[in-house]
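S.K.: Got a file for you: structure_33.cif, mmCIF, C-alpha atoms and all ligand atoms.
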```
data_work
loop_
_atom_site.label_atom_id
_atom_site.label_comp_id
_atom_site.auth_asym_id
_atom_site.auth_seq_id
_atom_site.Cartn_x
_atom_site.Cartn_y
_atom_site.Cartn_z
CA MET A 98 42.98 21.26 11.04
CA ASN A 99 39.86 19.27 10.24
CA GLU A 100 37.03 20.33 7.93
CA ASP A 101 34.80 21.53 10.77
CA ASP A 102 37.54 23.76 12.21
CA GLN A 103 38.15 25.15 8.75
CA GLU A 104 34.43 25.92 8.33
CA TRP A 105 34.25 27.70 11.67
CA LEU A 106 37.31 29.75 10.86
CA GLU A 107 35.72 30.78 7.54
CA CYS A 108 32.55 31.63 9.39
CA LEU A 109 34.37 33.77 11.92
CA ALA A 110 36.20 35.50 9.10
CA SER A 111 32.83 36.21 7.46
CA ALA A 112 31.47 37.70 10.65
CA ARG A 113 34.60 39.80 11.09
CA ALA A 114 34.23 41.11 7.53
CA TRP A 115 30.64 42.18 8.31
CA VAL A 116 31.71 44.08 11.38
CA GLN A 117 34.59 45.72 9.53
CA GLU A 118 32.24 46.74 6.76
CA TRP A 119 29.82 48.36 9.19
CA ALA A 120 32.71 50.12 10.89
CA ALA A 121 33.83 51.47 7.52
CA GLU A 122 30.28 52.74 7.02
CA GLY A 123 30.45 54.68 10.24
CA VAL A 124 28.65 52.30 12.59
CA ASP A 125 30.52 52.77 15.83
CA GLY A 126 28.44 50.54 18.06
CA PHE A 127 24.99 49.27 18.84
CA SER A 128 22.96 50.23 21.84
CA ARG A 129 21.75 47.31 23.92
CA LEU A 130 18.09 46.62 24.33
CA PRO A 131 16.45 48.05 27.40
CA THR A 132 15.36 45.36 29.80
CA ALA A 133 12.17 43.85 28.44
CA THR A 134 9.06 45.09 30.18
CA LYS A 135 7.40 42.42 32.25
CA LEU A 136 4.26 41.33 30.48
CA GLN A 137 2.15 38.56 31.93
CA GLU A 138 4.07 35.32 32.23
CA ASN A 139 6.10 35.73 29.05
CA PRO A 140 7.60 39.17 28.86
CA SER A 141 7.77 40.05 25.20
CA PRO A 142 11.01 41.51 23.95
CA ARG A 143 9.15 44.22 22.02
CA LEU A 144 12.02 46.20 20.75
CA GLU A 145 12.51 49.81 21.68
CA SER A 146 15.85 50.74 20.29
CA ALA A 147 18.67 48.62 19.11
CA ALA A 148 20.43 50.08 16.10
CA PRO A 149 21.62 53.65 15.82
CA SER A 150 18.79 55.58 14.20
CA SER A 151 21.16 57.19 11.71
CA GLN A 152 21.84 53.72 10.38
CA VAL A 153 18.25 52.66 10.07
CA LYS A 154 17.10 52.59 6.48
CA ALA A 155 13.49 53.16 5.54
CA PRO A 156 11.73 50.20 3.96
CA LYS A 157 11.80 50.30 0.16
CA THR A 158 8.06 50.47 -0.09
CA ALA A 159 5.47 52.18 2.04
CA PRO A 160 4.49 50.15 5.10
CA VAL A 161 1.55 47.85 4.49
CA GLU A 162 -1.48 48.55 6.61
CA ARG A 163 -2.86 45.52 8.37
CA PRO A 164 -6.35 45.00 6.97
CA GLU A 165 -7.43 42.80 9.82
CA PRO A 166 -5.93 42.14 13.19
CA HIS A 167 -4.07 38.84 12.99
CA ARG A 168 -4.62 38.14 16.65
CA SER A 169 -7.69 36.14 17.44
CA ALA A 170 -9.75 37.00 20.48
CA ALA A 171 -9.27 33.50 21.85
CA ALA A 172 -6.06 32.78 23.73
CA PRO A 173 -3.59 31.34 21.23
CA VAL A 174 -2.39 27.80 21.61
CA THR A 175 0.99 27.73 23.34
CA LEU A 176 4.18 26.61 21.65
CA GLU A 177 4.38 23.73 24.13
CA ALA A 178 0.90 22.54 23.12
CA ILE A 179 1.80 22.76 19.42
CA ARG A 180 4.99 20.80 20.04
CA GLN A 181 2.98 18.20 21.89
CA GLU A 182 0.50 17.91 19.06
CA LEU A 183 3.39 17.43 16.63
CA GLY A 184 4.56 14.50 18.78
CA GLU A 185 6.91 12.01 17.15
CA CYS A 186 5.58 13.14 13.79
CA GLN A 187 5.30 10.63 10.94
CA ARG A 188 3.03 12.72 8.73
CA CYS A 189 5.50 12.78 5.81
CA GLY A 190 8.52 10.85 4.57
CA LEU A 191 11.07 13.19 6.16
CA CYS A 192 10.60 11.39 9.47
CA ALA A 193 12.50 8.39 8.06
CA GLY A 194 15.84 10.20 7.91
CA ARG A 195 15.71 12.48 10.90
CA GLN A 196 17.56 12.26 14.19
CA ASN A 197 15.59 15.02 15.88
CA ILE A 198 12.57 17.14 15.17
CA VAL A 199 13.66 20.78 14.95
CA PHE A 200 10.60 22.59 16.18
CA GLY A 201 11.81 26.14 16.77
CA ASP A 202 13.79 28.21 19.20
CA GLY A 203 13.62 31.60 20.84
CA HIS A 204 11.32 33.92 22.71
CA PRO A 205 7.72 32.68 22.83
CA ARG A 206 6.42 36.27 22.36
CA ALA A 207 9.14 37.55 20.07
CA SER A 208 8.52 40.70 18.10
CA ILE A 209 10.41 39.28 15.13
CA LEU A 210 9.96 35.74 13.82
CA PHE A 211 12.41 34.25 11.30
CA ILE A 212 11.44 31.40 9.00
CA GLY A 213 14.05 29.29 7.19
CA GLU A 214 13.72 26.26 4.97
CA GLY A 215 14.46 23.16 6.94
CA PRO A 216 17.04 21.76 9.32
CA GLY A 217 20.51 20.85 8.06
CA GLN A 218 22.84 18.27 9.53
CA GLN A 219 23.86 20.20 12.64
CA GLU A 220 20.28 21.22 13.34
CA ASP A 221 19.13 17.62 12.93
CA GLU A 222 21.80 16.48 15.39
CA GLN A 223 21.05 19.16 17.97
CA GLY A 224 17.31 19.56 17.53
CA LEU A 225 17.70 23.33 17.18
CA PRO A 226 17.28 25.62 14.16
CA PHE A 227 20.18 27.50 12.60
CA VAL A 228 23.06 26.17 14.66
CA GLY A 229 25.40 25.28 11.77
CA ARG A 230 27.40 27.58 9.52
CA ALA A 231 24.39 29.44 8.15
CA GLY A 232 23.11 29.65 11.71
CA ALA A 233 26.32 31.27 12.91
CA LEU A 234 25.91 33.93 10.24
CA LEU A 235 22.23 34.41 11.09
CA THR A 236 23.16 34.82 14.75
CA GLN A 237 25.76 37.44 13.80
CA MET A 238 23.19 39.26 11.67
CA ILE A 239 20.76 39.34 14.58
CA GLU A 240 23.19 40.14 17.36
CA LYS A 241 25.69 42.39 15.62
CA GLY A 242 23.55 43.68 12.78
CA MET A 243 20.29 44.24 14.64
CA GLY A 244 21.86 44.66 18.05
CA ILE A 245 19.53 42.27 19.86
CA PRO A 246 20.17 38.92 21.51
CA ARG A 247 19.22 35.92 19.41
CA SER A 248 17.13 34.73 22.35
CA ASP A 249 14.81 37.73 21.83
CA VAL A 250 13.65 36.55 18.40
CA TYR A 251 11.91 33.32 17.42
CA ILE A 252 13.39 31.09 14.71
CA CYS A 253 11.76 28.18 12.95
CA ASN A 254 11.57 26.49 9.56
CA ILE A 255 9.04 25.50 6.92
CA VAL A 256 9.63 21.83 7.76
CA LYS A 257 10.66 20.44 11.12
CA CYS A 258 12.70 17.48 9.85
CA ARG A 259 15.87 17.47 7.78
CA PRO A 260 15.35 16.92 4.05
CA PRO A 261 17.88 14.38 2.70
CA ASN A 262 21.07 15.99 1.40
CA ASN A 263 19.71 19.39 2.42
CA ARG A 264 17.42 19.53 -0.60
CA ASN A 265 14.52 21.98 -0.56
CA PRO A 266 11.36 20.66 1.10
CA SER A 267 8.90 19.30 -1.47
CA PRO A 268 5.51 21.06 -1.82
CA GLN A 269 3.86 18.06 -0.17
CA GLU A 270 6.28 18.09 2.79
CA ALA A 271 5.88 21.85 3.17
CA SER A 272 2.09 21.68 3.13
CA THR A 273 2.04 18.79 5.61
CA CYS A 274 4.09 20.83 8.07
CA ARG A 275 2.30 24.10 7.30
CA PRO A 276 -0.38 23.90 10.01
CA PHE A 277 2.36 23.69 12.64
CA LEU A 278 4.16 26.71 11.20
CA ASP A 279 0.91 28.67 11.14
CA GLN A 280 0.18 27.72 14.72
CA GLN A 281 3.67 28.81 15.77
CA ILE A 282 3.03 32.19 14.17
CA ASP A 283 -0.32 32.41 15.97
CA ALA A 284 1.30 31.55 19.28
CA VAL A 285 4.20 33.99 19.00
CA GLN A 286 2.10 36.80 17.47
CA PRO A 287 5.15 38.56 16.01
CA ASP A 288 5.02 42.14 14.80
CA VAL A 289 7.18 41.22 11.83
CA ILE A 290 8.02 37.98 10.00
CA VAL A 291 11.38 37.69 8.22
CA THR A 292 11.55 34.90 5.64
CA LEU A 293 15.01 33.58 4.80
CA GLY A 294 15.43 32.54 1.17
CA LYS A 295 13.14 31.69 -1.70
CA PRO A 296 11.29 28.62 -0.38
CA ALA A 297 9.98 30.34 2.77
CA ALA A 298 8.89 33.49 0.90
CA SER A 299 7.29 31.42 -1.87
CA LEU A 300 5.41 29.24 0.59
CA LEU A 301 3.98 32.12 2.59
CA LEU A 302 3.06 34.17 -0.46
CA ASP A 303 1.68 31.11 -2.22
CA ARG A 304 3.58 31.78 -5.44
CA GLU A 305 7.02 31.12 -6.84
CA VAL A 306 9.08 34.23 -6.10
CA ALA A 307 12.39 35.52 -7.41
CA ILE A 308 13.99 36.21 -4.06
CA THR A 309 16.72 38.52 -5.33
CA ARG A 310 14.01 40.78 -6.76
CA LEU A 311 11.47 40.41 -3.96
CA ARG A 312 13.83 40.87 -1.03
CA GLY A 313 13.66 44.19 0.71
CA THR A 314 10.03 44.79 -0.25
CA TRP A 315 7.31 44.61 2.38
CA GLN A 316 4.83 41.80 1.97
CA GLU A 317 2.13 40.55 4.26
CA TYR A 318 1.24 37.15 5.66
CA ARG A 319 -2.12 36.78 7.37
CA GLY A 320 -2.10 40.43 8.35
CA ILE A 321 1.49 40.42 9.60
CA PRO A 322 4.15 42.52 7.83
CA MET A 323 6.63 40.20 6.19
CA MET A 324 10.14 41.04 5.04
CA PRO A 325 11.69 38.56 2.62
CA THR A 326 15.46 38.46 2.66
CA LEU A 327 18.26 36.26 1.37
CA HIS A 328 19.02 32.98 3.11
CA PRO A 329 22.27 33.15 5.14
CA ALA A 330 23.51 29.98 3.39
CA TYR A 331 23.14 31.82 0.07
CA VAL A 332 25.01 34.81 1.48
CA LEU A 333 27.82 32.49 2.59
CA ARG A 334 27.98 31.01 -0.90
CA GLN A 335 27.73 34.36 -2.69
CA TYR A 336 29.71 36.41 -0.21
CA THR A 337 29.52 39.75 -1.99
CA ALA A 338 29.29 43.22 -0.51
CA GLU A 339 26.00 43.63 -2.40
CA ASN A 340 24.39 40.59 -0.75
CA ARG A 341 25.64 41.51 2.71
CA ARG A 342 24.35 45.04 2.34
CA ALA A 343 20.99 43.74 1.06
CA VAL A 344 20.47 41.55 4.12
CA TRP A 345 21.65 44.31 6.44
CA GLU A 346 19.13 46.73 4.95
CA ASP A 347 16.31 44.18 5.12
CA LEU A 348 17.00 43.43 8.76
CA GLN A 349 17.18 47.12 9.67
CA ALA A 350 13.82 47.63 7.99
CA ALA A 351 12.38 44.67 9.92
CA LEU A 352 13.76 45.98 13.19
CA THR A 353 12.38 49.46 12.59
CA ARG A 354 8.97 48.07 11.67
CA SER A 355 8.92 45.83 14.73
CA GLN A 356 9.46 48.90 16.86
CA GLY A 357 6.39 50.51 15.32
CA ARG A 358 8.40 53.21 13.54
N1 LIG B 401 18.95 26.35 7.03
C1 LIG B 401 17.64 26.49 7.29
O1 LIG B 401 16.86 26.90 6.44
N2 LIG B 401 17.21 26.20 8.51
C2 LIG B 401 18.00 25.78 9.48
O2 LIG B 401 17.52 25.54 10.59
C3 LIG B 401 19.37 25.66 9.19
C4 LIG B 401 19.83 25.95 7.97
#
```
Would it be possible to restate this file's structure as structure tokens?
Ligand code: URA
M.R.:
Amino acid sequence: MNEDDQEWLECLASARAWVQEWAAEGVDGFSRLPTATKLQENPSPRLESAAPSSQVKAPKTAPVERPEPHRSAAAPVTLEAIRQELGECQRCGLCAGRQNIVFGDGHPRASILFIGEGPGQQEDEQGLPFVGRAGALLTQMIEKGMGIPRSDVYICNIVKCRPPNNRNPSPQEASTCRPFLDQQIDAVQPDVIVTLGKPAASLLLDREVAITRLRGTWQEYRGIPMMPTLHPAYVLRQYTAENRRAVWEDLQAALTRSQGR
């Protein structure tokens, strides 16, 4: 068995452990989403009901009121237009080592938008976010934990090109890519943003955060409720019941908030 096969087996075992844990907690299934209502040309998967309500935990803090609507009156720029503007980007040094730009993936009017750090090796090879080991866990969290198809959410990263050796993006790289991230948020107009890990939460909140303390508490980014949670790669490294439960609770809170409850 090669190293890749071994990794996938570990990943599957992780996913199985999650499901077994939920089963032990009394989760006996997840209702499927109702068919998305047709809305203009891009039906938004605004979420009605996905997880059993008995399992939905209230957010740790009171919901944050939106002081100002985050949606501008003008029609937002489309994701395609933003991708075009990005072009064969050479705005920072990360372009030197990349195979593919990893722009983002998912529903263009998703109710929930996830933000990670930056592409890893698999993502760089495939041009898609979260398709490696951490991606497999994130997909499980979304599909099994939240009960919605991954294609109903939107997933992107702070930076669109792979940092060498999977290091964190530098402040300069993050700020160079920031306008594209902000435009993606404007285009998708999510009801809730979920940041994965410390770098994404720190960038959006414009301060260095302690993610293990901040996670699970509602924040706000440009008028949009934001739920910081642990990065799936961290959860894979620190595969404790406490970390799995923390992410599960954070995602339930995000799902509930995205449904306007
Ligand atoms: N980790 C990230 O932060 N983003 C990806 O796309 C993959 C792994």
S.K.: Within 6 Å of ligand LIG 401 (chain B), which residues show up when you count all atoms listed in the file? List them as a list in words, please.
M.R.: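 My answer, listing the contacting residues, is Gly213, Glu214, Gly215, Pro216, Gly217, Glu220, Pro226, Phe227, Ala231 and Asn254 of chain A.
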S.K.: With distances taken over all atoms listed in the file, which residue among A:Thr314, A:Gln187, A:Gln218, A:Gln181 lies nearest Arg264 of chain A?
M.R.: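 Ranking A:Thr314, A:Gln187, A:Gln218, A:Gln181 by distance to Arg264 of chain A, first place goes to A:Gln218.
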S.K.: Go ahead and fit an axis-aligned box to every listed atom of segment 232-237 of chain A plus 3 Å each side, and pass me the centre and edge lengths in Å, one decimal, as JSON.
M.R.:
```
{"center_x": 24.3, "center_y": 33.5, "center_z": 12.5, "size_x": 10.1, "size_y": 13.8, "size_z": 10.5}
```
S.K.: Record the distance separating atom CA of Ile282 of chain A and atom CA of Asn265 of chain A, expressed in Å with one decimal.
M.R.: 21.3 Å
S.K.: In Å to one decimal, how far is atom CA of Ala343 of chain A from atom CA of Phe200 of chain A?
M.R.: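 A separation of 28.0 Å between them.
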S.K.: Please list, as a PDB file with C-alpha atoms, in the frame of the given file, the residues that have an atom at most 6 Å away from (6.9, 33.8, 23.8) in the coordinates of this file, counting all atoms listed in the file.
M.R.:
```
ATOM      1  CA  ASN A 139       6.100  35.730  29.050  1.00  0.00           C
ATOM      2  CA  HIS A 204      11.320  33.920  22.710  1.00  0.00           C
ATOM      3  CA  PRO A 205       7.720  32.680  22.830  1.00  0.00           C
ATOM      4  CA  ARG A 206       6.420  36.270  22.360  1.00  0.00           C
ATOM      5  CA  ALA A 207       9.140  37.550  20.070  1.00  0.00           C
ATOM      6  CA  VAL A 285       4.200  33.990  19.000  1.00  0.00           C
TER       7      VAL A 285
END
```
S.K.: Kindly indicate which residue among A:Gln286, A:Gln223, A:Thr309, A:Thr326 lies nearest to Tyr251 of chain A, using only C-alpha atoms for the distances.
M.R.: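 Using only C-alpha atoms, the shortest distance to Tyr251 of chain A belongs to A:Gln286.
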S.K.: Around the point (19.7, 33.3, 9.7) (coordinates from the file), which residues reach within 9 Å if we count only C-alpha atoms? Answer as number ranges by chain.
M.R.: A: 211-213, 227, 231-239, 252, 293, 327-330
S.K.: Can you work out which one of A:Gln280, A:Ser208, A:Gln335, A:Gln219 has the shortest atom-to-atom distance to Thr353 of chain A, counting only C-alpha atoms?
M.R.: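 Under the stated criterion, the closest residue is A:Ser208.
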S.K.: Quick one: of A:Lys257, A:Arg319, A:Arg341, A:Arg310, who's nearest to Asn197 of chain A, counting all atoms listed in the file?
M.R.: A:Lys257
S.K.: So which one's closest to Ser267 of chain A, A:Leu348, A:Leu225, A:Leu302, A:Ile255? Using all atoms listed in the file, please.
M.R.: A:Ile255
S.K.: Counting all atoms listed in the file, which residue out of A:Pro268, A:Gly229, A:Pro287, A:Pro296 sits closest to Pro322 of chain A?
M.R.: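 Distance minimum relative to Pro322 of chain A lands on A:Pro287.
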S.K.: Distance atom CA of Met323 of chain A-atom CA of Thr292 of chain A, one decimal place?
M.R.: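 Pair atom CA of Met323 of chain A / atom CA of Thr292 of chain A returns 7.3 Å.
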S.K.: Because the input lacks atoms here, generate all heavy atoms for segment 320-331 of chain A and report them as a PDB file, keeping the file's coordinate frame.
M.R.:
```pdb
ATOM      1  N   GLY A 320      -1.993  39.172   7.621  1.00  0.00           N
ATOM      2  CA  GLY A 320      -2.100  40.430   8.350  1.00  0.00           C
ATOM      3  C   GLY A 320      -0.822  40.871   9.041  1.00  0.00           C
ATOM      4  O   GLY A 320      -0.788  41.932   9.658  1.00  0.00           O
ATOM      5  N   ILE A 321       0.226  40.070   8.929  1.00  0.00           N
ATOM      6  CA  ILE A 321       1.490  40.420   9.600  1.00  0.00           C
ATOM      7  C   ILE A 321       2.497  40.911   8.551  1.00  0.00           C
ATOM      8  O   ILE A 321       2.697  40.240   7.523  1.00  0.00           O
ATOM      9  CB  ILE A 321       2.086  39.192  10.334  1.00  0.00           C
ATOM     10  CG1 ILE A 321       1.061  38.614  11.307  1.00  0.00           C
ATOM     11  CG2 ILE A 321       3.367  39.577  11.078  1.00  0.00           C
ATOM     12  CD1 ILE A 321       1.489  37.306  11.940  1.00  0.00           C
ATOM     13  N   PRO A 322       3.133  42.070   8.787  1.00  0.00           N
ATOM     14  CA  PRO A 322       4.150  42.520   7.830  1.00  0.00           C
ATOM     15  C   PRO A 322       5.256  41.478   7.701  1.00  0.00           C
ATOM     16  O   PRO A 322       5.713  40.924   8.702  1.00  0.00           O
ATOM     17  CB  PRO A 322       4.701  43.805   8.474  1.00  0.00           C
ATOM     18  CG  PRO A 322       3.677  44.229   9.467  1.00  0.00           C
ATOM     19  CD  PRO A 322       2.975  42.992   9.927  1.00  0.00           C
ATOM     20  N   MET A 323       5.630  41.237   6.452  1.00  0.00           N
ATOM     21  CA  MET A 323       6.630  40.200   6.190  1.00  0.00           C
ATOM     22  C   MET A 323       7.751  40.764   5.335  1.00  0.00           C
ATOM     23  O   MET A 323       7.491  41.387   4.312  1.00  0.00           O
ATOM     24  CB  MET A 323       5.925  39.043   5.455  1.00  0.00           C
ATOM     25  CG  MET A 323       6.851  38.008   4.893  1.00  0.00           C
ATOM     26  SD  MET A 323       5.897  36.817   3.883  1.00  0.00           S
ATOM     27  CE  MET A 323       7.132  36.472   2.635  1.00  0.00           C
ATOM     28  N   MET A 324       8.975  40.574   5.794  1.00  0.00           N
ATOM     29  CA  MET A 324      10.140  41.040   5.040  1.00  0.00           C
ATOM     30  C   MET A 324      10.910  39.838   4.501  1.00  0.00           C
ATOM     31  O   MET A 324      11.496  39.075   5.266  1.00  0.00           O
ATOM     32  CB  MET A 324      11.059  41.867   5.975  1.00  0.00           C
ATOM     33  CG  MET A 324      12.398  42.260   5.379  1.00  0.00           C
ATOM     34  SD  MET A 324      12.296  43.137   3.802  1.00  0.00           S
ATOM     35  CE  MET A 324      11.589  44.701   4.268  1.00  0.00           C
ATOM     36  N   PRO A 325      10.881  39.645   3.186  1.00  0.00           N
ATOM     37  CA  PRO A 325      11.690  38.560   2.620  1.00  0.00           C
ATOM     38  C   PRO A 325      13.142  39.010   2.479  1.00  0.00           C
ATOM     39  O   PRO A 325      13.399  40.110   2.007  1.00  0.00           O
ATOM     40  CB  PRO A 325      11.074  38.351   1.220  1.00  0.00           C
ATOM     41  CG  PRO A 325      10.052  39.432   1.035  1.00  0.00           C
ATOM     42  CD  PRO A 325      10.140  40.399   2.161  1.00  0.00           C
ATOM     43  N   THR A 326      14.040  38.141   2.894  1.00  0.00           N
ATOM     44  CA  THR A 326      15.460  38.460   2.660  1.00  0.00           C
ATOM     45  C   THR A 326      16.183  37.212   2.161  1.00  0.00           C
ATOM     46  O   THR A 326      15.578  36.145   2.006  1.00  0.00           O
ATOM     47  CB  THR A 326      16.126  39.071   3.917  1.00  0.00           C
ATOM     48  OG1 THR A 326      17.367  39.667   3.522  1.00  0.00           O
ATOM     49  CG2 THR A 326      16.391  38.040   5.016  1.00  0.00           C
ATOM     50  N   LEU A 327      17.474  37.374   1.903  1.00  0.00           N
ATOM     51  CA  LEU A 327      18.260  36.260   1.370  1.00  0.00           C
ATOM     52  C   LEU A 327      18.550  35.258   2.491  1.00  0.00           C
ATOM     53  O   LEU A 327      18.659  35.632   3.657  1.00  0.00           O
ATOM     54  CB  LEU A 327      19.582  36.789   0.800  1.00  0.00           C
ATOM     55  CG  LEU A 327      19.459  37.895  -0.250  1.00  0.00           C
ATOM     56  CD1 LEU A 327      20.848  38.397  -0.650  1.00  0.00           C
ATOM     57  CD2 LEU A 327      18.705  37.388  -1.487  1.00  0.00           C
ATOM     58  N   HIS A 328      18.687  34.001   2.124  1.00  0.00           N
ATOM     59  CA  HIS A 328      19.020  32.980   3.110  1.00  0.00           C
ATOM     60  C   HIS A 328      20.513  33.124   3.476  1.00  0.00           C
ATOM     61  O   HIS A 328      21.341  33.351   2.597  1.00  0.00           O
ATOM     62  CB  HIS A 328      18.757  31.593   2.520  1.00  0.00           C
ATOM     63  CG  HIS A 328      18.735  30.507   3.548  1.00  0.00           C
ATOM     64  ND1 HIS A 328      19.875  30.059   4.164  1.00  0.00           N
ATOM     65  CD2 HIS A 328      17.710  29.800   4.079  1.00  0.00           C
ATOM     66  CE1 HIS A 328      19.554  29.095   5.031  1.00  0.00           C
ATOM     67  NE2 HIS A 328      18.239  28.927   5.005  1.00  0.00           N
ATOM     68  N   PRO A 329      20.847  33.006   4.775  1.00  0.00           N
ATOM     69  CA  PRO A 329      22.270  33.150   5.140  1.00  0.00           C
ATOM     70  C   PRO A 329      23.177  32.137   4.435  1.00  0.00           C
ATOM     71  O   PRO A 329      24.345  32.447   4.157  1.00  0.00           O
ATOM     72  CB  PRO A 329      22.297  32.942   6.658  1.00  0.00           C
ATOM     73  CG  PRO A 329      20.920  32.559   7.078  1.00  0.00           C
ATOM     74  CD  PRO A 329      19.983  32.857   5.943  1.00  0.00           C
ATOM     75  N   ALA A 330      22.665  30.957   4.106  1.00  0.00           N
ATOM     76  CA  ALA A 330      23.510  29.980   3.390  1.00  0.00           C
ATOM     77  C   ALA A 330      23.849  30.511   1.998  1.00  0.00           C
ATOM     78  O   ALA A 330      24.958  30.308   1.493  1.00  0.00           O
ATOM     79  CB  ALA A 330      22.797  28.636   3.283  1.00  0.00           C
ATOM     80  N   TYR A 331      22.895  31.203   1.384  1.00  0.00           N
ATOM     81  CA  TYR A 331      23.140  31.820   0.070  1.00  0.00           C
ATOM     82  C   TYR A 331      24.189  32.923   0.211  1.00  0.00           C
ATOM     83  O   TYR A 331      25.105  33.045  -0.615  1.00  0.00           O
ATOM     84  CB  TYR A 331      21.822  32.361  -0.487  1.00  0.00           C
ATOM     85  CG  TYR A 331      21.961  33.166  -1.755  1.00  0.00           C
ATOM     86  CD1 TYR A 331      22.032  32.543  -2.999  1.00  0.00           C
ATOM     87  CD2 TYR A 331      22.025  34.560  -1.704  1.00  0.00           C
ATOM     88  CE1 TYR A 331      22.166  33.287  -4.157  1.00  0.00           C
ATOM     89  CE2 TYR A 331      22.153  35.318  -2.853  1.00  0.00           C
ATOM     90  CZ  TYR A 331      22.226  34.678  -4.081  1.00  0.00           C
ATOM     91  OH  TYR A 331      22.365  35.421  -5.224  1.00  0.00           O
TER      92      TYR A 331
END
```
